[in-house]
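Text of start05.txt, listed as compact mmCIF, C-alpha atoms and all ligand atoms:
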# COMPACT_ATOMS: atom_id res chain seq x y z
CA MET D 1 52.84 27.15 10.22
CA ILE D 2 50.57 26.03 13.04
CA ASP D 3 47.71 25.66 10.60
CA HIS D 4 49.81 23.49 8.39
CA PHE D 5 50.76 21.32 11.35
CA ALA D 6 47.12 21.01 12.49
CA SER D 7 46.10 20.01 8.97
CA ASN D 8 48.88 17.42 8.85
CA SER D 9 47.79 15.80 12.08
CA ALA D 10 44.12 15.81 11.01
CA SER D 11 45.21 14.17 7.79
CA LEU D 12 47.13 11.49 9.69
CA ASN D 13 44.08 10.85 11.86
CA VAL D 14 41.94 10.33 8.77
CA THR D 15 44.48 7.87 7.38
CA ILE D 16 44.54 5.90 10.62
CA ALA D 17 40.75 5.91 11.03
CA PHE D 18 40.28 4.82 7.43
CA ALA D 19 42.84 2.00 7.64
CA LEU D 20 41.33 0.85 10.93
CA ALA D 21 37.75 0.92 9.63
CA LEU D 22 38.78 -0.99 6.52
CA THR D 23 40.59 -3.64 8.57
CA VAL D 24 37.77 -4.06 11.09
CA SER D 25 35.13 -4.28 8.37
CA LEU D 26 37.21 -6.84 6.48
CA MET D 27 37.79 -8.95 9.58
CA LEU D 28 34.10 -8.83 10.47
CA LYS D 29 33.09 -9.95 6.98
CA PHE D 30 35.66 -12.75 6.96
CA TRP D 31 34.43 -13.94 10.32
CA LEU D 32 30.80 -13.91 9.17
CA ALA D 33 31.59 -15.78 5.97
CA SER D 34 33.64 -18.43 7.76
CA ARG D 35 30.73 -18.94 10.19
CA GLN D 36 28.35 -19.41 7.26
CA ILE D 37 30.68 -21.88 5.53
CA ARG D 38 31.19 -23.92 8.72
CA HIS D 39 27.49 -23.94 9.60
CA VAL D 40 26.33 -25.04 6.16
CA ALA D 41 29.07 -27.69 5.91
CA HIS D 42 28.13 -29.00 9.35
CA HIS D 43 24.48 -29.52 8.31
CA ARG D 44 25.30 -30.88 4.87
CA SER D 45 25.01 -34.58 5.68
CA ALA D 46 21.29 -34.62 6.53
CA VAL D 47 18.13 -32.74 5.54
CA PRO D 48 16.70 -30.98 8.63
CA VAL D 49 13.73 -32.89 10.06
CA ALA D 50 11.24 -30.11 9.22
CA PHE D 51 12.06 -30.55 5.52
CA SER D 52 12.83 -34.26 5.40
CA GLU D 53 9.73 -35.07 3.33
CA LYS D 54 9.97 -32.07 1.04
CA ILE D 55 13.63 -31.73 0.12
CA THR D 56 15.75 -34.59 -1.18
CA LEU D 57 19.20 -35.17 0.27
CA GLU D 58 20.62 -34.54 -3.18
CA ALA D 59 18.97 -31.10 -3.46
CA HIS D 60 20.00 -30.25 0.09
CA GLN D 61 23.62 -31.08 -0.63
CA LYS D 62 23.60 -29.18 -3.90
CA ALA D 63 22.32 -26.11 -2.01
CA ALA D 64 25.05 -26.56 0.60
CA ASP D 65 27.80 -26.87 -2.02
CA TYR D 66 26.45 -23.90 -3.99
CA THR D 67 26.26 -21.73 -0.86
CA ILE D 68 29.76 -22.67 0.29
CA THR D 69 31.26 -22.11 -3.18
CA LYS D 70 29.62 -18.71 -3.52
CA THR D 71 30.58 -17.62 0.00
CA ARG D 72 34.21 -18.66 -0.52
CA PHE D 73 34.30 -16.80 -3.81
CA GLY D 74 32.77 -13.81 -2.04
CA LEU D 75 35.77 -13.80 0.33
CA LEU D 76 38.15 -13.60 -2.59
CA GLU D 77 36.13 -10.74 -4.09
CA LEU D 78 36.16 -8.98 -0.74
CA ALA D 79 39.94 -9.16 -0.42
CA TRP D 80 40.39 -8.01 -4.03
CA GLY D 81 37.94 -5.12 -3.51
CA ALA D 82 39.80 -3.99 -0.38
CA ALA D 83 43.14 -4.16 -2.18
CA ILE D 84 41.73 -1.99 -4.97
CA VAL D 85 40.40 0.61 -2.51
CA VAL D 86 43.80 0.77 -0.79
CA GLY D 87 45.46 1.07 -4.19
CA TRP D 88 43.24 3.98 -5.20
CA THR D 89 43.56 5.80 -1.88
CA LEU D 90 46.51 5.23 0.44
CA LEU D 91 48.83 3.97 -2.30
CA GLY D 92 48.06 7.02 -4.42
CA GLY D 93 46.35 5.50 -7.48
CA LEU D 94 43.57 8.07 -7.67
CA SER D 95 45.95 10.95 -7.12
CA ALA D 96 48.21 9.71 -9.92
CA LEU D 97 45.29 9.24 -12.33
CA ASN D 98 44.04 12.73 -11.51
CA GLN D 99 47.46 14.28 -12.06
CA LEU D 100 47.88 12.45 -15.34
CA LEU D 101 44.56 13.80 -16.61
CA VAL D 102 45.39 17.33 -15.39
CA ASP D 103 48.70 17.16 -17.27
CA VAL D 104 46.93 16.10 -20.43
CA MET D 105 43.74 18.12 -20.28
CA GLY D 106 44.37 20.94 -17.81
CA HIS D 107 41.82 21.90 -15.14
CA GLY D 108 38.15 22.09 -15.91
CA MET D 109 34.88 20.23 -16.28
CA ALA D 110 36.19 17.96 -19.01
CA GLN D 111 39.07 16.79 -16.83
CA GLN D 112 36.71 15.99 -13.94
CA VAL D 113 34.27 14.08 -16.11
CA ALA D 114 37.21 12.20 -17.66
CA LEU D 115 38.46 11.32 -14.17
CA LEU D 116 35.09 9.83 -13.20
CA ALA D 117 34.77 7.95 -16.48
CA ALA D 118 38.33 6.60 -16.24
CA PHE D 119 37.75 5.49 -12.65
CA VAL D 120 34.59 3.59 -13.60
CA ALA D 121 36.24 2.05 -16.67
CA ILE D 122 39.33 0.86 -14.75
CA GLY D 123 37.14 -0.46 -11.93
CA SER D 124 35.02 -2.46 -14.38
CA VAL D 125 38.09 -4.00 -16.00
CA LEU D 126 39.48 -4.97 -12.58
CA ASP D 127 36.14 -6.63 -11.72
CA LEU D 128 35.87 -8.44 -15.03
CA PRO D 129 37.69 -11.67 -14.08
CA PHE D 130 35.32 -12.07 -11.13
CA THR D 131 32.18 -11.49 -13.17
CA LEU D 132 33.38 -13.97 -15.78
CA TYR D 133 34.33 -16.62 -13.23
CA GLN D 134 31.02 -16.22 -11.41
CA THR D 135 28.96 -16.69 -14.57
CA PHE D 136 30.97 -19.17 -16.59
CA VAL D 137 32.51 -21.27 -13.83
CA ILE D 138 30.37 -21.20 -10.67
CA GLU D 139 26.90 -20.76 -12.18
CA GLU D 140 27.90 -23.17 -14.95
CA ARG D 141 29.04 -25.86 -12.52
CA PHE D 142 25.70 -25.79 -10.70
CA GLY D 143 23.68 -25.75 -13.89
CA PHE D 144 22.35 -22.21 -13.59
CA ASN D 145 24.23 -20.53 -16.38
CA LYS D 146 22.26 -20.33 -19.62
CA THR D 147 24.16 -17.48 -21.22
CA ASN D 148 27.02 -17.86 -23.69
CA PRO D 149 30.03 -15.67 -24.57
CA LYS D 150 28.19 -14.09 -27.50
CA LEU D 151 25.13 -13.09 -25.46
CA TRP D 152 27.40 -11.99 -22.64
CA LEU D 153 29.34 -9.68 -24.95
CA GLN D 154 26.10 -8.29 -26.39
CA ASP D 155 24.90 -7.49 -22.88
CA LEU D 156 28.20 -5.83 -22.11
CA ALA D 157 28.02 -3.68 -25.24
CA LYS D 158 24.44 -2.64 -24.43
CA SER D 159 25.32 -1.71 -20.85
CA LEU D 160 28.31 0.25 -22.08
CA LEU D 161 26.16 2.16 -24.56
CA LEU D 162 23.61 2.92 -21.82
CA SER D 163 26.38 4.21 -19.54
CA VAL D 164 27.64 6.50 -22.26
CA LEU D 165 24.19 7.72 -23.34
CA ILE D 166 22.68 8.17 -19.88
CA GLY D 167 25.51 8.03 -17.33
CA LEU D 168 27.93 10.44 -18.95
CA PRO D 169 25.50 13.38 -19.45
CA PHE D 170 24.15 12.78 -15.94
CA ILE D 171 27.56 12.82 -14.27
CA THR D 172 28.48 15.95 -16.27
CA LEU D 173 25.34 17.63 -14.93
CA ILE D 174 26.25 16.65 -11.34
CA ILE D 175 29.81 17.96 -11.62
CA TRP D 176 28.51 21.18 -13.16
CA MET D 177 25.98 21.62 -10.33
CA MET D 178 28.62 20.99 -7.66
CA GLY D 179 30.63 23.91 -9.03
CA ALA D 180 27.84 26.25 -10.06
CA THR D 181 25.11 26.17 -7.42
CA GLY D 182 27.00 27.61 -4.45
CA PRO D 183 27.35 26.29 -0.89
CA TRP D 184 23.97 24.50 -1.04
CA TRP D 185 25.00 22.48 -4.08
CA TRP D 186 24.50 19.21 -2.18
CA LEU D 187 20.79 19.98 -1.80
CA TRP D 188 20.47 20.70 -5.51
CA VAL D 189 22.37 17.56 -6.43
CA TRP D 190 20.18 15.58 -4.07
CA GLY D 191 17.02 16.87 -5.75
CA VAL D 192 18.31 16.01 -9.23
CA TRP D 193 19.65 12.62 -8.13
CA MET D 194 16.31 11.65 -6.56
CA GLY D 195 14.42 12.87 -9.62
CA PHE D 196 16.72 10.76 -11.78
CA ASN D 197 16.02 7.70 -9.61
CA LEU D 198 12.25 8.13 -9.86
CA LEU D 199 12.50 8.67 -13.60
CA ALA D 200 14.61 5.53 -13.92
CA GLN D 201 11.94 3.52 -12.07
CA LEU D 202 9.35 4.87 -14.50
CA ILE D 203 11.20 4.27 -17.73
CA TYR D 204 13.07 1.07 -16.81
CA PRO D 205 10.22 -1.45 -17.28
CA THR D 206 9.01 -0.06 -20.62
CA TRP D 207 12.16 1.38 -22.19
CA ILE D 208 15.25 -0.34 -20.85
CA ALA D 209 14.31 -3.86 -19.70
CA PRO D 210 12.94 -4.83 -23.18
CA TRP D 211 16.39 -4.11 -24.56
CA PHE D 212 17.77 -7.05 -22.61
CA ASN D 213 14.79 -9.41 -22.44
CA LYS D 214 11.65 -10.30 -24.35
CA PHE D 215 8.38 -9.58 -22.58
CA GLN D 216 5.40 -11.44 -23.91
CA PRO D 217 1.82 -11.18 -22.68
CA LEU D 218 0.93 -14.04 -20.36
CA GLU D 219 -0.91 -16.54 -22.54
CA ASP D 220 -1.76 -19.35 -20.16
CA GLU D 221 -5.53 -18.87 -19.73
CA GLY D 222 -5.73 -20.74 -16.43
CA VAL D 223 -2.98 -18.74 -14.77
CA ARG D 224 -4.18 -15.45 -16.25
CA GLU D 225 -7.72 -15.90 -15.00
CA ARG D 226 -6.53 -16.74 -11.52
CA VAL D 227 -4.12 -13.83 -11.22
CA THR D 228 -6.67 -11.39 -12.66
CA GLN D 229 -9.17 -12.48 -10.01
CA LEU D 230 -6.53 -12.14 -7.33
CA MET D 231 -5.63 -8.62 -8.45
CA THR D 232 -9.27 -7.51 -8.49
CA ARG D 233 -9.85 -9.08 -5.06
CA CYS D 234 -6.84 -7.19 -3.67
CA GLY D 235 -7.86 -3.90 -5.31
CA PHE D 236 -5.05 -3.64 -7.89
CA THR D 237 -5.08 -2.82 -11.54
CA ALA D 238 -2.16 -3.63 -13.78
CA LYS D 239 -1.45 -2.66 -17.34
CA GLY D 240 -0.69 -6.22 -18.13
CA PHE D 241 0.76 -9.59 -17.21
CA PHE D 242 4.03 -10.41 -18.89
CA VAL D 243 6.32 -13.38 -19.17
CA MET D 244 10.02 -12.59 -19.33
CA ASP D 245 12.51 -14.92 -20.97
CA GLY D 246 14.77 -15.14 -17.91
CA SER D 247 15.82 -18.63 -19.02
CA LYS D 248 17.87 -16.93 -21.74
CA ARG D 249 20.56 -16.14 -19.16
CA SER D 250 19.95 -18.10 -16.00
CA ALA D 251 17.90 -20.91 -14.50
CA HIS D 252 17.19 -18.80 -11.39
CA SER D 253 13.55 -17.78 -11.13
CA ASN D 254 11.57 -14.81 -9.88
CA ALA D 255 8.45 -12.68 -10.26
CA TYR D 256 8.00 -8.98 -9.80
CA PHE D 257 5.46 -6.24 -9.79
CA THR D 258 6.82 -3.01 -11.09
CA GLY D 259 6.01 0.57 -12.01
CA PHE D 260 4.03 3.42 -10.57
CA GLY D 261 0.43 4.55 -10.87
CA THR D 262 -1.19 3.30 -14.04
CA SER D 263 1.99 1.94 -15.57
CA LYS D 264 2.10 -1.01 -13.14
CA ARG D 265 2.85 -4.35 -14.69
CA VAL D 266 3.30 -7.86 -13.40
CA VAL D 267 6.27 -9.80 -14.72
CA PHE D 268 6.81 -13.53 -14.31
CA TYR D 269 10.06 -15.21 -15.26
CA ASP D 270 9.38 -18.06 -17.67
CA THR D 271 11.46 -20.20 -15.30
CA LEU D 272 8.98 -19.47 -12.49
CA LEU D 273 5.93 -20.45 -14.54
CA ALA D 274 7.68 -23.66 -15.57
CA GLN D 275 8.25 -24.64 -11.94
CA LEU D 276 5.02 -23.66 -10.18
CA SER D 277 1.38 -24.73 -10.36
CA PRO D 278 -1.25 -22.00 -10.99
CA ALA D 279 -2.19 -21.94 -7.28
CA GLU D 280 1.47 -21.45 -6.38
CA VAL D 281 1.91 -18.67 -8.95
CA ASP D 282 -1.14 -17.03 -7.39
CA ALA D 283 0.40 -17.20 -3.91
CA VAL D 284 3.73 -15.77 -5.11
CA LEU D 285 1.96 -12.87 -6.83
CA ALA D 286 -0.11 -12.26 -3.67
CA HIS D 287 3.18 -11.97 -1.76
CA GLU D 288 4.38 -9.32 -4.24
CA LEU D 289 1.05 -7.48 -3.91
CA GLY D 290 1.53 -7.62 -0.13
CA HIS D 291 4.69 -5.53 -0.53
CA PHE D 292 2.59 -2.88 -2.27
CA LYS D 293 -0.31 -3.06 0.20
CA HIS D 294 2.11 -2.47 3.06
CA ARG D 295 3.79 0.37 1.13
CA HIS D 296 7.19 -1.34 1.41
CA VAL D 297 8.36 0.18 -1.85
CA LEU D 298 7.53 3.69 -0.64
CA LYS D 299 9.22 3.03 2.70
CA LEU D 300 12.36 1.83 0.95
CA ILE D 301 12.35 4.90 -1.30
CA ALA D 302 11.94 7.12 1.79
CA VAL D 303 14.88 5.42 3.52
CA MET D 304 17.01 5.73 0.40
CA PHE D 305 16.09 9.41 -0.02
CA SER D 306 16.99 10.31 3.56
CA LEU D 307 20.26 8.33 3.53
CA SER D 308 21.24 10.06 0.29
CA LEU D 309 20.46 13.44 1.77
CA MET D 310 22.64 12.75 4.81
CA GLY D 311 25.39 11.40 2.57
CA LEU D 312 25.39 14.42 0.28
CA PHE D 313 25.35 16.80 3.23
CA ALA D 314 28.42 15.01 4.62
CA LEU D 315 30.07 15.14 1.20
CA GLY D 316 29.38 18.89 1.03
CA TRP D 317 31.28 19.31 4.25
CA VAL D 318 34.26 16.97 3.78
CA SER D 319 34.87 18.21 0.23
CA GLN D 320 35.88 21.55 1.81
CA GLN D 321 38.48 19.94 4.13
CA VAL D 322 42.04 19.50 2.92
CA TRP D 323 42.61 16.63 5.38
CA PHE D 324 39.84 14.60 3.75
CA PHE D 325 41.89 14.46 0.55
CA THR D 326 45.39 14.21 1.97
CA GLY D 327 44.31 11.70 4.62
CA LEU D 328 43.04 9.43 1.85
CA GLY D 329 46.19 9.71 -0.25
CA VAL D 330 45.14 12.41 -2.70
CA VAL D 331 46.81 15.75 -3.37
CA PRO D 332 43.93 18.18 -4.01
CA ASN D 333 44.20 20.96 -6.58
CA MET D 334 44.31 23.81 -4.10
CA ALA D 335 46.45 26.00 -6.33
CA ALA D 336 43.93 25.78 -9.15
CA GLN D 337 41.14 26.65 -6.74
CA ALA D 338 43.05 29.70 -5.51
CA LEU D 339 43.48 30.80 -9.13
CA GLY D 340 39.72 30.70 -9.52
CA ALA D 341 39.16 27.43 -11.38
CA ALA D 342 35.61 26.36 -10.51
CA ALA D 343 35.73 23.64 -7.82
CA PRO D 344 38.53 21.54 -9.33
CA ASN D 345 38.33 18.87 -6.61
CA ASP D 346 34.68 17.88 -6.89
CA ALA D 347 35.24 14.69 -8.87
CA LEU D 348 38.02 13.65 -6.48
CA ALA D 349 35.80 14.30 -3.46
CA LEU D 350 32.96 12.32 -5.02
CA LEU D 351 35.19 9.32 -5.73
CA LEU D 352 36.87 9.30 -2.32
CA PHE D 353 33.48 9.57 -0.68
CA MET D 354 32.17 6.62 -2.68
CA MET D 355 35.04 4.52 -1.35
CA VAL D 356 34.51 5.58 2.27
CA VAL D 357 30.73 5.17 2.37
CA PRO D 358 30.67 1.35 2.08
CA LEU D 359 32.59 1.23 5.37
CA LEU D 360 29.70 3.02 7.06
CA GLY D 361 27.41 0.71 5.11
CA THR D 362 28.88 -2.22 7.05
CA LEU D 363 27.05 -0.80 10.05
CA MET D 364 23.87 0.12 8.15
CA GLY D 365 23.62 -3.26 6.38
CA PRO D 366 22.19 -5.30 9.26
CA LEU D 367 19.57 -2.61 9.97
CA LEU D 368 18.41 -2.52 6.36
CA ALA D 369 18.43 -6.33 6.18
CA GLN D 370 16.36 -6.48 9.35
CA MET D 371 13.82 -4.07 7.88
CA SER D 372 13.66 -6.10 4.68
CA ARG D 373 13.09 -9.39 6.57
CA LYS D 374 10.23 -7.76 8.48
CA HIS D 375 8.71 -6.70 5.17
CA GLU D 376 8.98 -10.26 3.84
CA PHE D 377 7.04 -11.60 6.83
CA GLU D 378 4.35 -8.98 6.27
CA ALA D 379 4.10 -9.82 2.57
CA ASP D 380 3.88 -13.55 3.41
CA ALA D 381 1.09 -12.87 5.92
CA TYR D 382 -0.78 -10.88 3.29
CA ALA D 383 -0.41 -13.72 0.77
CA VAL D 384 -1.67 -16.26 3.31
CA ALA D 385 -4.74 -14.11 4.02
CA GLN D 386 -5.50 -13.55 0.31
CA THR D 387 -4.67 -16.97 -1.10
CA ASN D 388 -3.63 -19.98 0.94
CA GLY D 389 -0.75 -20.90 3.16
CA PRO D 390 0.08 -24.38 1.85
CA ALA D 391 0.30 -23.09 -1.75
CA LEU D 392 2.70 -20.32 -0.71
CA ALA D 393 4.72 -22.77 1.38
CA SER D 394 5.09 -25.27 -1.46
CA ALA D 395 5.91 -22.46 -3.91
CA LEU D 396 8.66 -21.18 -1.61
CA LEU D 397 10.08 -24.65 -1.17
CA LYS D 398 10.24 -25.12 -4.94
CA LEU D 399 11.94 -21.73 -5.29
CA PHE D 400 14.44 -22.56 -2.56
CA GLU D 401 15.20 -25.85 -4.24
CA GLY D 402 15.24 -24.38 -7.76
CA ASN D 403 17.64 -21.61 -6.72
CA ALA D 404 19.75 -23.97 -4.53
CA SER D 405 19.22 -21.75 -1.47
CA THR D 406 20.33 -23.46 1.69
CA VAL D 407 17.74 -24.10 4.41
CA THR D 408 20.47 -24.21 7.07
CA PRO D 409 22.20 -20.81 7.04
CA ASP D 410 24.21 -19.54 9.99
CA PRO D 411 21.90 -17.41 12.21
CA VAL D 412 24.47 -14.64 12.71
CA PHE D 413 25.20 -14.47 8.99
CA VAL D 414 21.44 -14.20 8.42
CA GLN D 415 21.20 -11.24 10.81
CA PHE D 416 23.85 -9.37 8.85
CA TYR D 417 23.09 -10.16 5.26
CA TYR D 418 19.79 -11.91 4.56
CA SER D 419 17.15 -9.71 2.98
CA HIS D 420 14.72 -12.65 3.22
CA PRO D 421 14.15 -14.68 6.39
CA PRO D 422 15.46 -18.26 6.25
CA ALA D 423 13.12 -21.04 5.08
CA THR D 424 12.43 -22.48 8.53
CA GLU D 425 11.17 -19.16 9.88
CA ARG D 426 9.11 -18.27 6.83
CA LEU D 427 7.46 -21.66 6.45
CA GLY D 428 6.88 -21.87 10.19
CA ARG D 429 4.87 -18.68 10.17
CA ILE D 430 3.08 -19.38 6.88
CA LEU D 431 1.92 -22.82 7.95
CA ALA D 432 0.85 -21.54 11.36
CA GLY D 433 -2.11 -20.04 9.46
CA PRO D 434 -3.55 -16.56 8.92
CA ALA D 435 -1.31 -14.24 10.77
CA THR D 436 -1.65 -12.41 14.02
CA THR D 437 0.31 -9.44 12.75
ZN ZN D 501 9.14 -10.40 -0.91
Write out the structure in this file as structure tokens.
Amino acid sequence: MIDHFASNSASLNVTIAFALALTVSLMLKFWLASRQIRHVAHHRSAVPVAFSEKITLEAHQKAADYTITKTRFGLLELAWGAAIVVGWTLLGGLSALNQLLVDVMGHGMAQQVALLAAFVAIGSVLDLPFTLYQTFVIEERFGFNKTNPKLWLQDLAKSLLLSVLIGLPFITLIIWMMGATGPWWWLWVWGVWMGFNLLAQLIYPTWIAPWFNKFQPLEDEGVRERVTQLMTRCGFTAKGFFVMDGSKRSAHSNAYFTGFGTSKRVVFYDTLLAQLSPAEVDAVLAHELGHFKHRHVLKLIAVMFSLSLMGLFALGWVSQQVWFFTGLGVVPNMAAQALGAAAPNDALALLLFMMVVPLLGTLMGPLLAQMSRKHEFEADAYAVAQTNGPALASALLKLFEGNASTVTPDPVFVQFYYSHPPATERLGRILAGPATT
């Protein structure tokens, strides 16, 4: 009796803490977004002096409008996402879905895998209007959308097939491990999950990416000679230079350096090569090489690995507590567990945990963004030392303009969200010459 009462009050505390965390995080994000919108709108009428000769008023205003539109849309997505989380948890959606599947399929592995699959499928359908609006209305209005309904549907079908072929067996393995490997299951799951991530990094560039895009060897002799020299100078070998047909879907541009060990490859978006001069391409690649020289990729992987380990440890603990389920609006299958069904609540615990973690992520976000901005400065400094500052600066300006990125973001918004430092700070340091870092 007393136990039951204690469990009830713990459950109520979880409900209150969860509702409070959700509200605070939502209010914080709304406040940040409204700051960003106000700040960008306030600076819309004139190009900042530092850029007055490099950015036209027209481009500046397009960037402002694009930023404001996307941020406003982000607010709508945020509210919708929060409503869905409340629907799944406190309003009992997940519990009802679980019960429905238990009624149909009984307890067991199949029911748990079905629960996860149904959750993902319903979530994707609920997100669909937003994805469509983003691509075919917002990106379209600003001239970035190059995809069409047919290509979009093809992409969707391919992603779906990948989820079924790779995701489903993987999630079945995880659920099986949670039930079969004893009290240290979270450590086992962590090991497999990390192995899966590394494997994905290895096979993605050669096996999966070509399914969505064409990769052709870089043919431009001038550019190829320059970048080959740069790579040799910096002590890198790559398996090849490739041009990706990014323009098939979007006018946004990028370049990346991917893979591990000997399977490294350099990929340029065709949109990037169309915009930049060879010297600028060189500088952008040097920036990417800087990320490798400073071991940023390894550091990020290390951070991700340790966060996952902490997360899974926490999941291992809360999945044993009745209040974790009841506090979040789910009736766990305790009777089935008592009858000896192997861990019938694992899928539920996993899903609830995935909905709680982003709330903690609100606190982690600024720290990770801060780390990323520091890495960007380091990569810029490396590029300046290996190539030249003015070329990197003009390349960045073209990319800012080409992607309609605002050069006047709100400083507080930047602290929270920006993975790259704003243009003023980056160009200021680049043009100040070879770095002191
Ligand atoms: Zn970078």
Residues near range 92-105 of chain D, anyone? I mean within 8 Å using all atoms listed in the file, not counting same-chain ones fewer than 4 positions away, as a ChimeraX atom specification. /D:87-88,110-111,114-115,329-331,348
Discussion item. Please find the residues contacting ligand ZN 501 (chain D) at a distance of at most 9 Å between atoms, with all atoms listed in the file counted, and report them as a list in words.
Written reply: Val284, His287, Glu288, Gly290, His291, Ser372, Arg373, His375, Glu376, Phe377, Glu378, Ala379, Asp380, Ser419 and His420 of chain D
Fill in: Selection near range 271-277 of chain D, 9 Å with all atoms listed in the file, sequence-local residues under 4 positions removed, as a PyMOL selection string
chain D and resi 223+243-247+250-255+281-282+391+394-395+398-399+402
Taking C-alpha atoms for each residue, export the selection above as a PDB file, in the coordinates of the input.
ATOM      1  CA  VAL D 223      -2.980 -18.740 -14.770  1.00  0.00           C
ATOM      2  CA  VAL D 243       6.320 -13.380 -19.170  1.00  0.00           C
ATOM      3  CA  MET D 244      10.020 -12.590 -19.330  1.00  0.00           C
ATOM      4  CA  ASP D 245      12.510 -14.920 -20.970  1.00  0.00           C
ATOM      5  CA  GLY D 246      14.770 -15.140 -17.910  1.00  0.00           C
ATOM      6  CA  SER D 247      15.820 -18.630 -19.020  1.00  0.00           C
ATOM      7  CA  SER D 250      19.950 -18.100 -16.000  1.00  0.00           C
ATOM      8  CA  ALA D 251      17.900 -20.910 -14.500  1.00  0.00           C
ATOM      9  CA  HIS D 252      17.190 -18.800 -11.390  1.00  0.00           C
ATOM     10  CA  SER D 253      13.550 -17.780 -11.130  1.00  0.00           C
ATOM     11  CA  ASN D 254      11.570 -14.810  -9.880  1.00  0.00           C
ATOM     12  CA  ALA D 255       8.450 -12.680 -10.260  1.00  0.00           C
ATOM     13  CA  VAL D 281       1.910 -18.670  -8.950  1.00  0.00           C
ATOM     14  CA  ASP D 282      -1.140 -17.030  -7.390  1.00  0.00           C
ATOM     15  CA  ALA D 391       0.300 -23.090  -1.750  1.00  0.00           C
ATOM     16  CA  SER D 394       5.090 -25.270  -1.460  1.00  0.00           C
ATOM     17  CA  ALA D 395       5.910 -22.460  -3.910  1.00  0.00           C
ATOM     18  CA  LYS D 398      10.240 -25.120  -4.940  1.00  0.00           C
ATOM     19  CA  LEU D 399      11.940 -21.730  -5.290  1.00  0.00           C
ATOM     20  CA  GLY D 402      15.240 -24.380  -7.760  1.00  0.00           C
TER      21      GLY D 402
END
### Best match for closeness to Ile174 in chain D among D:Ala404, D:Val113, D:Ala50, D:Leu198, counting all atoms listed in the file
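Of D:Ala404, D:Val113, D:Ala50, D:Leu198, the one nearest Ile174 in chain D, counting all atoms listed in the file, is D:Val113.
Among D:Trp323, D:Phe51, D:Phe130, D:Phe241, the residue with the shortest atom-to-atom distance to Glu77 in chain D, counting only C-alpha atoms, is D:Phe130.
Between CA of Asp410 in chain D and CA of His39 in chain D there is a distance of 5.5 Å.
Closest to Thr232 in chain D among D:Leu20, D:Leu289, D:Ala157, D:Val356 is D:Leu289, based on all atoms listed in the file.
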Which is closest to Val189 in chain D among D:Ala432, D:Ile166, D:Phe268, D:Leu315, if we use only C-alpha atoms?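 For Val189 in chain D, the nearest of the given residues is D:Leu315.
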request  = For Thr362 in chain D, please output as a list in words all residues within 12 Å (counting all atoms listed in the file; exclusion window: fewer than 6 positions along the same chain).
outcome  = Ala21, Leu22, Thr23, Val24, Ser25, Leu26, Met27, Leu28, Lys29, Val356, Leu368, Ala369, Phe416 and Tyr417 of chain D
Here CA of Gln61 in chain D and CA of Gln134 in chain D stand apart by 19.8 Å
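You will find CA of Arg38 in chain D at 19.6 Å from CA of Ile138 in chain D.
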For range 304-309 of chain D: contacts at 8 Å, only C-alpha atoms, fewer than 6 positions along chain excluded, given as a PDB file with C-alpha atoms, keeping the file's coordinate frame:
ATOM      1  CA  LEU D 187      20.790  19.980  -1.800  1.00  0.00           C
ATOM      2  CA  TRP D 190      20.180  15.580  -4.070  1.00  0.00           C
ATOM      3  CA  MET D 194      16.310  11.650  -6.560  1.00  0.00           C
TER       4      MET D 194
END
* To do: Could you tell me which of D:Phe353, D:Trp31, D:Lys62, D:Gly182 comes closest to Arg141 in chain D if we count all atoms listed in the file?
  =>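 Under the stated criterion, the closest residue is D:Lys62.
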